[in-house]
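> One structure is given below, represented as structure tokens, and several questions about it will come after.
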Number of protein chains: 2
Amino acid sequence: MQIAIPLFDRFTALDAVGPYEVLSRLPGARVDFVVGEPGVVRTDTRMLGVHVDLSLDDVRTPDVVVVPGGIGTRTALADERLLDWVRAAHEGSQYTTSVCTGSLILAAAGVLDGVDATTHWLATDILASLGARPVDERFVERGKIITAAGVSAGLDMALRLAERIAGADVAQAIQLAIEYDPEPPFDSGSPRKATPAVVDLAMAGQRAEAQAAVES
Amino acid sequence: MQIAIPLFDRFTALDAVGPYEVLSRLPGARVDFVVGEPGVVRTDTRMLGVHVDLSLDDVRTPDVVVVPGGIGTRTALADERLLDWVRAAHEGSQYTTSVCTGSLILAAAGVLDGVDATTHWLATDILASLGARPVDERFVERGKIITAAGVSAGLDMALRLAERIAGADVAQAIQLAIEYDPEPPFDSGSPRKATPAVVDLAMAGQRAEAQAAVES
């Protein structure tokens with residue numbers, strides 16, 4: 001089983017690494033990172049670089065596609081080569097999935113027209129404008145398409161996907177192997193739960209990140 | 001504030017990327033990945049390569065140290081250059097932390113002698129044999145030393161660390177930015193919660209990984 005994760009400049013690391021950490025542990029599965037131009041792909045913060053050997057052309061018919069998000073989606077949404085790749089890969093895939101604003105890329109490729117989907121809580125309007133029907137859930141499974149909410153939601157989505165592929169025992173053994181028994185010290189991971197001051201802080205951080213991406 | 005994450009061959013990606021994703025969002029903070037020999041460092045699965053520019057010698061006095069784990073710790077425990085670096089960095093650090101079997105490296109460096117600490121649930125005996133006092137908690141904070149349990153526990157630990165560094169509002173805004181509102185589809189993330197069959201599967205997977213690391 002071949003699982004392809006397409007990367008692009010300024011992707012969010014955990015969007016990709018969360019599902020990778022789960023899915024790479026599936027028996028007989030291989031996770032291949034792919035990119036337009038092989039080399040070093042830097043994350044949204046610029047602090048982390050992933051070395052990618054394979055180009056989009058090297059992996060044409062993956063069994064599973066996982067599209068991460070990040071501030072770089074703003075550029076990636078207009079990357080016709082990436083969108084063509086997503087469309088073609090989706091045609092033959094067993095599962096087409098996304099994390100965070102990766103669903104915007106799926107939508108821009110036409111994969112989510114009229115389909116229930118989710119994204120990062122700050123990107124719901126954009127997702128709707130691209131033709132999908134936003135649903136406020138941790139991950140949304142509709143046929144072979146599974147979209148996850150922001151960043152860390154890729155872990156939860158990937159465990160469900162692992163169950164679909166290899167059964168509940170294997171998925172649960174992976175959860176145990178990565179000791180995913182979450183105990184966050186706060187309960188502010190959703191805009192429904194965070195205080196208004198915390199929501200404001202998070203939105204200000206996102207604006208600063210977007211500004212930095214434009215200026216660089 | 002400089003946060004250093006030392007990498008080594010066969011580290012576990014999420015051990016490093018979880019804390020990176022949280023701590024890189026601290027205002028004014030920079031996360032620097034460091035390694036013995038700059039270049040591409042591959043993870044335990046060999047499926048992911050991280051490009052690291054900085055050597056251990058380039059970052060001598062970080063404010064915060066985060067040591068990840070992985071099957072590669074078996075070799076890293078005997079890497080005197082890495083252990084020397086950990087000892088020296090710990091001397092001047094504000095916080096010295098680990099994720100998963102990263103605590104074995106801290107222990108081998110002498111940082112955990114007689115100190116309460118945690119690690120991956122499969123590595124508790126080794127942690128004890130290296131002089132630390134294993135505690136069965138998601139993360140264990142003792143003075144400036146914080147150790148986290150297996151793999152995904154680095155997210156929880158890093159949010160606590162973010163609070164210590166920048167206050168609860170900032171830490172909660174980071175939790176919201178990465179939408180860390182976990183909803184795993186199963187409740188098998190701890191050996192106390194998983195079925196015996198699932199525990200056996202996870203242990204078999206770990207043995208296979210260890211075998212593969214020896215053979216390659």
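Going by the structure tokens order, chains are called A, B, ..., each with residues numbered from 1, while ligands are numbered from 1 in the order shown.
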Find the residues around A:Pro38 up to 10 Å (only C-alpha atoms counted), leave out those fewer than 5 positions away in its own chain, and share them as a PyMOL selection string.
chain A and resi 33+51-56
> Mind writing the picked residues with C-alpha atoms as an mmCIF file, in the first residue's frame?

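again_17.cif, freshly written:
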```cif
data_model
loop_
_atom_site.group_PDB
_atom_site.id
_atom_site.type_symbol
_atom_site.label_atom_id
_atom_site.label_comp_id
_atom_site.auth_asym_id
_atom_site.auth_seq_id
_atom_site.Cartn_x
_atom_site.Cartn_y
_atom_site.Cartn_z
ATOM 1 C CA PHE A 33 6.477 12.368 0.529
ATOM 2 C CA HIS A 51 14.238 16.545 2.432
ATOM 3 C CA VAL A 52 12.037 15.095 -0.314
ATOM 4 C CA ASP A 53 13.472 12.794 -2.993
ATOM 5 C CA LEU A 54 10.348 12.154 -5.037
ATOM 6 C CA SER A 55 8.577 14.524 -7.389
ATOM 7 C CA LEU A 56 4.846 14.537 -8.010
#
```
> Would you mind listing what lies within 12 Å of A:Ala168 as a ChimeraX atom specification, with only C-alpha atoms counted and same-chain residues fewer than 3 positions away left out?
/A:26,159-165,171-175 /B:185-188,194-195,197-198,201
> Identify all chain B residues at most 6 Å from chain A by counting only C-alpha atoms; ligands do not count. Present them as a list in words.
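That gives Gly49, Val50, His51, Gly150, Val151, Ser152, Asp156, Asp169, Gln172, Ala173, Gln175, Leu176, Ala177, Ile178, Glu179, Tyr180, Asp181, Pro184, Ser188, Gly189, Ser190, Val198, Leu201 and Ala202 of chain B for chain B.
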> With a distance cut-off of 9 Å and only C-alpha atoms, select the neighbouring residues of A:Ile71, excluding the residue or stretch itself and same-chain residues fewer than 5 positions from it, and output the selection as a PDB file with C-alpha atoms, in the first residue's frame.

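Result saved to selection18.pdb:
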```
ATOM      1  CA  ASP A   9       6.479  25.523   0.548  1.00  0.00           C
ATOM      2  CA  ARG A  10       5.186  26.657   3.970  1.00  0.00           C
ATOM      3  CA  PHE A  11       3.202  23.549   4.840  1.00  0.00           C
ATOM      4  CA  THR A  12       2.495  22.940   8.536  1.00  0.00           C
ATOM      5  CA  ASP A  44       5.442  27.619   7.571  1.00  0.00           C
ATOM      6  CA  THR A 101      -6.308  23.748   5.214  1.00  0.00           C
ATOM      7  CA  GLN A 206      -2.558  33.809  12.424  1.00  0.00           C
ATOM      8  CA  GLU A 209       1.894  34.566  10.130  1.00  0.00           C
ATOM      9  CA  ALA A 210      -0.040  35.481   6.988  1.00  0.00           C
ATOM     10  CA  ALA A 213       4.347  34.967   4.422  1.00  0.00           C
TER      11      ALA A 213
END
```
> Tell me, which residues of stretch 14-210 of chain B carry DSSP strand (DSSP E or B), written as an mmCIF file with C-alpha atoms, in the first residue's frame?

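Resulting contents of part.cif:
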```
data_model
loop_
_atom_site.group_PDB
_atom_site.id
_atom_site.type_symbol
_atom_site.label_atom_id
_atom_site.label_comp_id
_atom_site.auth_asym_id
_atom_site.auth_seq_id
_atom_site.Cartn_x
_atom_site.Cartn_y
_atom_site.Cartn_z
ATOM 1 C CA ARG B 30 13.273 30.118 17.581
ATOM 2 C CA VAL B 31 13.505 26.351 17.283
ATOM 3 C CA ASP B 32 16.860 25.100 16.010
ATOM 4 C CA PHE B 33 17.307 21.473 15.025
ATOM 5 C CA VAL B 34 20.891 20.300 15.570
ATOM 6 C CA VAL B 35 22.741 17.106 14.718
ATOM 7 C CA GLY B 39 22.724 16.985 6.366
ATOM 8 C CA VAL B 40 19.744 14.696 6.081
ATOM 9 C CA VAL B 41 18.686 12.837 9.228
ATOM 10 C CA ARG B 42 16.290 9.962 8.652
ATOM 11 C CA THR B 43 13.558 8.864 11.004
ATOM 12 C CA GLY B 49 14.282 12.805 6.059
ATOM 13 C CA VAL B 50 14.820 16.075 7.879
ATOM 14 C CA HIS B 51 17.387 18.490 6.515
ATOM 15 C CA VAL B 52 19.454 19.932 9.364
ATOM 16 C CA LEU B 54 23.274 23.191 12.298
ATOM 17 C CA SER B 55 25.704 20.923 14.090
ATOM 18 C CA VAL B 64 15.450 25.133 26.149
ATOM 19 C CA VAL B 65 16.469 21.596 25.161
ATOM 20 C CA VAL B 66 13.969 19.056 23.811
ATOM 21 C CA VAL B 67 15.403 15.558 23.282
ATOM 22 C CA TYR B 95 14.383 23.952 30.754
ATOM 23 C CA THR B 96 15.682 20.529 29.805
ATOM 24 C CA THR B 97 13.009 18.248 28.390
ATOM 25 C CA SER B 98 12.488 14.981 26.582
ATOM 26 C CA VAL B 99 9.818 13.039 24.731
ATOM 27 C CA ASP B 116 11.464 11.328 38.807
ATOM 28 C CA ALA B 117 10.914 10.954 35.058
ATOM 29 C CA ARG B 133 12.974 7.013 39.000
ATOM 30 C CA PRO B 134 10.138 6.113 36.594
ATOM 31 C CA PHE B 139 4.611 14.160 31.648
ATOM 32 C CA VAL B 140 6.696 14.665 34.769
ATOM 33 C CA GLU B 141 7.892 18.119 35.794
ATOM 34 C CA ARG B 142 10.659 18.326 38.389
ATOM 35 C CA ILE B 145 13.400 19.063 33.920
ATOM 36 C CA ILE B 146 10.239 17.901 32.136
ATOM 37 C CA THR B 147 10.037 14.426 30.628
ATOM 38 C CA ALA B 148 7.093 13.217 28.545
#
```
> As an exercise, work out the distance from atom CA of B:Ala29 to atom CA of B:Pro68 in Å and give it to one decimal place.
18.9 Å
> Run DSSP on the backbone of this structure and report the residues of stretch 7-119 of chain B it assigns to alpha helix (DSSP H), as a PyMOL selection string.
chain B and resi 13-23+73-76+80-92+102-108
